[in-house]
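Trainee: Before I ask anything, here is the structure I am working with.
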There are 4 protein chains.
Amino acid sequence: MCRWAAYLGEEVFLEDIVSAPCHSLIAQSHCAQEAKSATNGDGFGLAWYGDRPEPGLYRDILPAWSDPNLKSLCRQIKSSLFLAHVRAATGGGTSRANCHPFVSGRWSFMHNGQISGFERIRRRLEAAVCDTLYDQRQGTTDSELFFLLMLEEGLDADPQVAVARAARRVIEASEAVGMAASFKLTAAFSDGENLFAVRYATDAQAPTLYTREGATGRCIVSEPFDREGESWQAVPPSSFVTMTRQGMTVCPFEPAVAQLAMAG
Amino acid sequence: MCRWAAYLGEEVFLEDIVSAPCHSLIAQSHCAQEAKSATNGDGFGLAWYGDRPEPGLYRDILPAWSDPNLKSLCRQIKSSLFLAHVRAATGGGTSRANCHPFVSGRWSFMHNGQISGFERIRRRLEAAVCDTLYDQRQGTTDSELFFLLMLEEGLDADPQVAVARAARRVIEASEAVGMAASFKLTAAFSDGENLFAVRYATDAQAPTLYTREGATGRCIVSEPFDREGESWQAVPPSSFVTMTRQGMTVCPFEPAVAQLAMAG
Amino acid sequence: MCRWAAYLGEEVFLEDIVSAPCHSLIAQSHCAQEAKSATNGDGFGLAWYGDRPEPGLYRDILPAWSDPNLKSLCRQIKSSLFLAHVRAATGGGTSRANCHPFVSGRWSFMHNGQISGFERIRRRLEAAVCDTLYDQRQGTTDSELFFLLMLEEGLDADPQVAVARAARRVIEASEAVGMAASFKLTAAFSDGENLFAVRYATDAQAPTLYTREGATGRCIVSEPFDREGESWQAVPPSSFVTMTRQGMTVCPFEPAVAQLAMAG
Amino acid sequence: MCRWAAYLGEEVFLEDIVSAPCHSLIAQSHCAQEAKSATNGDGFGLAWYGDRPEPGLYRDILPAWSDPNLKSLCRQIKSSLFLAHVRAATGGGTSRANCHPFVSGRWSFMHNGQISGFERIRRRLEAAVCDTLYDQRQGTTDSELFFLLMLEEGLDADPQVAVARAARRVIEASEAVGMAASFKLTAAFSDGENLFAVRYATDAQAPTLYTREGATGRCIVSEPFDREGESWQAVPPSSFVTMTRQGMTVCPFEPAVAQLAMAG
């Protein structure tokens, strides 16, 4: 289980969200309060949008609390849309390629959660991705592969549908090997314009998700980074969140219903 | 293209082979003389056998010349059978998981060479490996996958046959996508008892391979690490080398002939 | 505050002490129980003696729990005398040069504790070390400097006296700048033959220290790594421990009394 | 010996200078043409100015050619004033703290060159720096210490005088231990407004320095990164360069003449 935070709004220094608040993401790397594991020390990552359609990406394998580069980058870089993540590995070694966010073209993605029994369905899921997307796979995590499945399922065309179909892929792959699907998905992603998030689990324990309307913009996080002042809204399980520069909507989310003809 | 060295004989300090000679592997990381690229600075690795059937493994992404841990380990550790490698990446990012040697059970493997057009046949080759072996895949290189193919093709039963069949897999996969197979394979590997090596290419440019009978044991290397004193023997292209504690044999090597029924 | 363990006895695999026990040092890197900070994720180190008078040294900046090299080295290397350390930085950035153990010639040293107000007396203490020793300084920690002070004060001649004099240096330097000396020192060190440890603080809160007589040898640790079976002995504050292959003695320890003519 | 490049002008993507040109700094990390060593693979660093008076700093120990973070940062970050450096270590281990640029407050500094016999005068030079500056020392290089000497000698008040006095310190320290001073200094530094550089050596072999007036701004480099199109001007030895947004001046540079009362 990991911790993450994302922001959309007026341009701010990354540190205003990532490192300055009292219970900032970097503080959470040391002692998260709502996570399965208090320590999220298996690397970190930043994806931020600037003057290009594609985000910048900075990931490393040190704990976030001890990386001076991260501190300096967050202090120096301003952005109006960014994603930040600290990792507690559940599978896949500690390597840069296994750190979130993952990036493909203008899309960025980060995840808190896990596909249980991933080792039994990994090849089946990988087979569902086209060659071009598969060539982008750098690491070995379930999270990166889920992102590629989202892209495969039409992320550009309809983000919620793409996630719903990717989730369906996971469930069907589990069923195909005779496992009960067990899957936790609290994720945020962006196309450089809007910010999306999903909170879902196959059981009743979907990892937490919170939003906040702040003075300069909107945040969506796995765990509030500031206990005072502005108020955080808990997002209910089985929700899909769409944040634009104009506002925010929260819709019910479920995996897509079974498809008659599966390519995988 | 990379540089590597392997040793079988009386127990010696690793540094006697890896770092002490005038043109040692660590020196070759800075300025190799017979390699396509003089600099082999994209990580390194050691696999050495001791009191267990399985080798120890130390890999990191720094250039070999600048890692103080490597120097200290080579100075302190004694072994009668070990493999050492410095990497010049041809594909696959610089990460520990992409550094050689690769290890599986008691087997270790390292490679100088390349499967050209790998991105077009990677999935086809991965499909030829059973689930259990595929779960061991940590990185994204052609070399690691070739090692898994060797294991799949019966490395325990007959090393030369396994390599020949794995090479056939690569050639057939290339042909299946309409590419002329282009494949360079100068590799060493061990089961903890004996040391094996192969020199092969689909064209006339198989990367160099040399052996030496020394005072304390036998070496097999991609490039001599010592220009004086003891003499090095060049191994001809299309050869398979078997080193035991008793002696050394060099046999002709060719990929296996086409099989009628391919599983992949 | 850090966690560490040292062993002297029959040759064993490092993992028997470092990673295998239920509350092993690697487990303590994640959740120590008697330390000021539960997480000791700011790097780690090993110094082990083998066939040379000088120890091998392996240090890196990842958390111990996530380094596959550490796991493999501990599984493969056997030694009859070694020191292992996991770091929770109190001062000095996260770098290999700031990780313990520190090594000089045949001596190795590791430390749990802190010199408070170090930044005010660092130059004064550095000035007390001769040029030759000062050239060995690679990092910026108080611990490394204390080790150099011990060497300066005659570690080869009399370990306890050397530590007592080095501690006196710290106290006098504090007094010289008008600070009350505040200094915690729970350290272990070795010359490749015997294993020494000290538990001391200028206040009543000297960090914990335990010894154990085991089946294959003696351990001395900052915190027991095994709650069952063999019994651990707490070492009282202000003690100096000498472990040889024949036995163990615990003596009272106090900093040396003020010297009339101090060079520093 | 290292390679570096600095830019002052209109805001551009860092990659326009650092990674895109045919003989870019990143290309020079692999095969520099005018340096003592062709490979500059012992780490790298960036300091860039943005919306704050202080620069952002990104340094790491991988070779520049293999760091995906560096590539992404250079692609994403725009700046009108920045310094970039690739290192070939002459002394001081490969660590982040030994990578250039060095930063203090609004000042940044990077260096190609070397103080010969540094180990004999290091303590003497460190003694010339006040406690506050000394506390900023993170590494062990001659370059970082020279930067602190510049700050000590009044960098804020008069950059050229400060460098001249710092150089005098080095020469006097050498003479004090009976060495002929041997010192190479091709360095660039900035206060966030202007860009300064110096080319000097105690012998006739001062490392090269070039300037260019380009379409969007001025560059100063250790070696041209683009052989075509716009023309590079070689700066003669014993020169001090001041680049402002309005123009550039090149003055003669010599170390300050001996001072009657030296504190060090």
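Identifiers in the structure tokens: chain A, B, ... in order shown; residue index from 1 per chain; ligand index from 1 in order shown.
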Taking only range 58-189 of chain C into account, list the residues labelled strand (DSSP E or B) by DSSP (computed from the backbone), as a PyMOL selection string.

Mentor: chain C and resi 58-60+78-86+102-104+107-115+183-189

Trainee: Show me, as a PDB file with N, CA and C atoms, in the first residue's frame, every residue of chain A with an atom at most 9 Å from chain B, counting only C-alpha atoms.

Mentor:
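Okay, this is what ended up in result-v3.pdb:
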```pdb
ATOM      1  N   GLY A  92       7.049  -6.748  -6.802  1.00  0.00           N
ATOM      2  CA  GLY A  92       7.925  -6.021  -7.704  1.00  0.00           C
ATOM      3  C   GLY A  92       8.999  -5.379  -6.854  1.00  0.00           C
ATOM      4  N   GLY A  93      10.247  -5.569  -7.215  1.00  0.00           N
ATOM      5  CA  GLY A  93      11.360  -5.080  -6.427  1.00  0.00           C
ATOM      6  C   GLY A  93      11.393  -3.566  -6.362  1.00  0.00           C
ATOM      7  N   SER A  95      12.800  -0.583  -7.594  1.00  0.00           N
ATOM      8  CA  SER A  95      13.562  -0.071  -8.731  1.00  0.00           C
ATOM      9  C   SER A  95      12.830   1.149  -9.245  1.00  0.00           C
ATOM     10  N   ARG A  96      13.551   2.006  -9.962  1.00  0.00           N
ATOM     11  CA  ARG A  96      12.885   3.191 -10.510  1.00  0.00           C
ATOM     12  C   ARG A  96      11.726   2.803 -11.412  1.00  0.00           C
ATOM     13  N   ALA A  97      11.920   1.719 -12.168  1.00  0.00           N
ATOM     14  CA  ALA A  97      10.883   1.329 -13.120  1.00  0.00           C
ATOM     15  C   ALA A  97       9.622   0.844 -12.425  1.00  0.00           C
ATOM     16  N   GLU A 119       0.739 -12.873  -9.738  1.00  0.00           N
ATOM     17  CA  GLU A 119       1.683 -13.765 -10.407  1.00  0.00           C
ATOM     18  C   GLU A 119       0.967 -14.840 -11.214  1.00  0.00           C
ATOM     19  N   ARG A 120      -0.286 -15.128 -10.837  1.00  0.00           N
ATOM     20  CA  ARG A 120      -1.013 -16.180 -11.565  1.00  0.00           C
ATOM     21  C   ARG A 120      -1.705 -15.651 -12.817  1.00  0.00           C
ATOM     22  N   ARG A 122      -0.582 -12.589 -14.438  1.00  0.00           N
ATOM     23  CA  ARG A 122       0.229 -11.549 -15.085  1.00  0.00           C
ATOM     24  C   ARG A 122       0.347 -11.742 -16.598  1.00  0.00           C
ATOM     25  N   ARG A 123       0.686 -12.953 -17.013  1.00  0.00           N
ATOM     26  CA  ARG A 123       0.882 -13.183 -18.444  1.00  0.00           C
ATOM     27  C   ARG A 123      -0.414 -13.028 -19.214  1.00  0.00           C
ATOM     28  N   ALA A 127      -0.929 -10.245 -22.090  1.00  0.00           N
ATOM     29  CA  ALA A 127      -1.344 -10.644 -23.436  1.00  0.00           C
ATOM     30  C   ALA A 127      -2.476  -9.765 -23.965  1.00  0.00           C
ATOM     31  N   ASP A 131       1.236  -4.740 -28.849  1.00  0.00           N
ATOM     32  CA  ASP A 131       2.707  -4.703 -28.860  1.00  0.00           C
ATOM     33  C   ASP A 131       3.262  -3.318 -28.546  1.00  0.00           C
ATOM     34  N   TYR A 134       2.944  -2.674 -24.937  1.00  0.00           N
ATOM     35  CA  TYR A 134       3.776  -3.601 -24.166  1.00  0.00           C
ATOM     36  C   TYR A 134       5.243  -3.174 -24.188  1.00  0.00           C
ATOM     37  N   ASP A 135       5.668  -2.624 -25.313  1.00  0.00           N
ATOM     38  CA  ASP A 135       7.054  -2.146 -25.395  1.00  0.00           C
ATOM     39  C   ASP A 135       7.345  -1.033 -24.400  1.00  0.00           C
ATOM     40  N   ARG A 137       6.391  -1.111 -21.320  1.00  0.00           N
ATOM     41  CA  ARG A 137       6.501  -1.690 -19.972  1.00  0.00           C
ATOM     42  C   ARG A 137       7.963  -1.753 -19.577  1.00  0.00           C
ATOM     43  N   GLN A 138       8.314  -1.088 -18.480  1.00  0.00           N
ATOM     44  CA  GLN A 138       9.701  -1.035 -18.016  1.00  0.00           C
ATOM     45  C   GLN A 138       9.921  -1.866 -16.768  1.00  0.00           C
ATOM     46  N   GLY A 139       8.851  -2.062 -15.982  1.00  0.00           N
ATOM     47  CA  GLY A 139       9.015  -2.740 -14.700  1.00  0.00           C
ATOM     48  C   GLY A 139       8.175  -3.996 -14.633  1.00  0.00           C
ATOM     49  N   THR A 140       7.860  -4.394 -13.420  1.00  0.00           N
ATOM     50  CA  THR A 140       7.186  -5.671 -13.217  1.00  0.00           C
ATOM     51  C   THR A 140       5.927  -5.554 -12.352  1.00  0.00           C
TER      52      THR A 140
END
```

Trainee: Excluding Gly50 in chain D and its own-chain neighbours fewer than 4 positions away, which residues fall within 8 Å of it when counting only C-alpha atoms? Please give them as a PyMOL selection string.

Mentor: (chain A and resi 76-77) or (chain D and resi 55-56+79-80)

Trainee: Can you pull out every residue within 8 Å of range 99-101 of chain A, counting only C-alpha atoms, but drop anything in the same chain fewer than 6 positions away, and send it as a list in words?

Mentor: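 In the requested format, the answer is Gly43, Phe44, Gly45, Leu46, Ala47, Leu57, Arg59, Asp60, Ile61, Leu83, Ala84, His85, Val86, Arg87, Ser108, Phe109, Met110 and His111 of chain A.
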
Trainee: Which polymer residues have any atom within 8 Å of an atom of Ala166 in chain A, counting only C-alpha atoms, with same-chain residues fewer than 2 positions away left out, as a list in words?

Mentor: Phe146, Leu149, Met150, Glu153, Ala162, Val163, Ala164, Arg168, Arg169, Val170 and Pro255 of chain A

Trainee: Create the file for the chosen residues now, containing N, CA, C and O atoms and written as a short mmCIF file (atom, residue, chain, number, x, y, z; two decimals), in the first residue's frame.

Mentor:
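After the write, out-v9.cif holds the following:
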```cif
data_model
loop_
_atom_site.label_atom_id
_atom_site.label_comp_id
_atom_site.auth_asym_id
_atom_site.auth_seq_id
_atom_site.Cartn_x
_atom_site.Cartn_y
_atom_site.Cartn_z
N PHE A 146 -1.71 -2.39 -15.09
CA PHE A 146 -3.10 -1.91 -15.09
C PHE A 146 -3.21 -0.61 -15.89
O PHE A 146 -4.19 -0.40 -16.62
N LEU A 149 -3.29 -1.47 -19.43
CA LEU A 149 -4.62 -1.99 -19.77
C LEU A 149 -5.62 -0.85 -19.95
O LEU A 149 -6.46 -0.88 -20.86
N MET A 150 -5.53 0.17 -19.11
CA MET A 150 -6.40 1.33 -19.27
C MET A 150 -6.18 1.99 -20.63
O MET A 150 -7.13 2.38 -21.31
N GLU A 153 -7.65 0.00 -23.31
CA GLU A 153 -9.11 0.00 -23.30
C GLU A 153 -9.70 1.38 -23.62
O GLU A 153 -10.87 1.64 -23.34
N ALA A 162 -12.66 3.27 -19.74
CA ALA A 162 -11.39 2.55 -19.88
C ALA A 162 -11.00 1.87 -18.57
O ALA A 162 -10.55 0.72 -18.56
N VAL A 163 -11.17 2.57 -17.46
CA VAL A 163 -10.85 1.97 -16.17
C VAL A 163 -11.80 0.81 -15.87
O VAL A 163 -11.38 -0.26 -15.38
N ALA A 164 -13.06 1.01 -16.17
CA ALA A 164 -14.06 -0.03 -15.90
C ALA A 164 -13.74 -1.29 -16.71
O ALA A 164 -13.87 -2.42 -16.21
N ARG A 168 -12.46 -4.95 -15.40
CA ARG A 168 -13.12 -6.17 -15.87
C ARG A 168 -12.08 -7.20 -16.32
O ARG A 168 -12.17 -8.38 -16.03
N ARG A 169 -11.06 -6.74 -17.03
CA ARG A 169 -9.98 -7.63 -17.49
C ARG A 169 -9.35 -8.37 -16.30
O ARG A 169 -9.08 -9.56 -16.37
N VAL A 170 -9.12 -7.64 -15.24
CA VAL A 170 -8.48 -8.25 -14.07
C VAL A 170 -9.40 -9.31 -13.46
O VAL A 170 -8.98 -10.42 -13.12
N PRO A 255 -16.73 -2.08 -12.30
CA PRO A 255 -16.08 -2.69 -13.47
C PRO A 255 -17.10 -2.91 -14.57
O PRO A 255 -18.30 -3.10 -14.29
#
```

Trainee: Could you check how far CA of Thr202 in chain B sits from CA of Leu151 in chain B, in Å to one decimal?

Mentor: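 Separating CA of Thr202 in chain B from CA of Leu151 in chain B is a distance of 21.5 Å.
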
Trainee: With distances taken over only C-alpha atoms, which of C:Pro159, C:Gly178, C:Gly214, C:Gly192 is nearest to Thr242 in chain C?

Mentor: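 For Thr242 in chain C, the nearest of the candidates is C:Pro159.
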
Trainee: Extract the full set of alpha helix (DSSP H) residues from range 20-254 of chain A according to DSSP on the backbone, and format it as JSON, numbers by chain.

Mentor: {"A": [25, 26, 27, 28, 29, 30, 31, 68, 69, 70, 71, 72, 73, 74, 75, 76, 118, 119, 120, 121, 122, 123, 124, 125, 126, 131, 132, 133, 134, 142, 143, 144, 145, 146, 147, 148, 149, 150, 151, 152, 159, 160, 161, 162, 163, 164, 165, 166, 167, 168, 169, 170, 171, 172, 173, 174, 175, 176]}

Trainee: For a test of reading the model, state the distance in Å between CA of Phe240 in chain A and CA of Gln160 in chain A, rounded to one decimal.

Mentor: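 Result for CA of Phe240 in chain A versus CA of Gln160 in chain A: 7.1 Å, one decimal.
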
Trainee: Can you list, as a list of chain:residue names, every protein, DNA or RNA residue that comes within 9 Å of Ala5 in chain C when you count only C-alpha atoms, leaving out same-chain residues fewer than 5 positions away?

Mentor: C:Ile17, C:Val18, C:Leu25, C:Phe82, C:Leu83, C:Ala84, C:His85, C:Ala188, C:Cys219, C:Ile220, C:Val221, C:Ser222, C:Glu223, C:Pro224, C:Phe225

Trainee: Between CA of Asn112 in chain C and CA of Tyr58 in chain C, what is the spacing in Å?

Mentor: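 Separation of CA of Tyr58 in chain C and CA of Asn112 in chain C: 18.2 Å.
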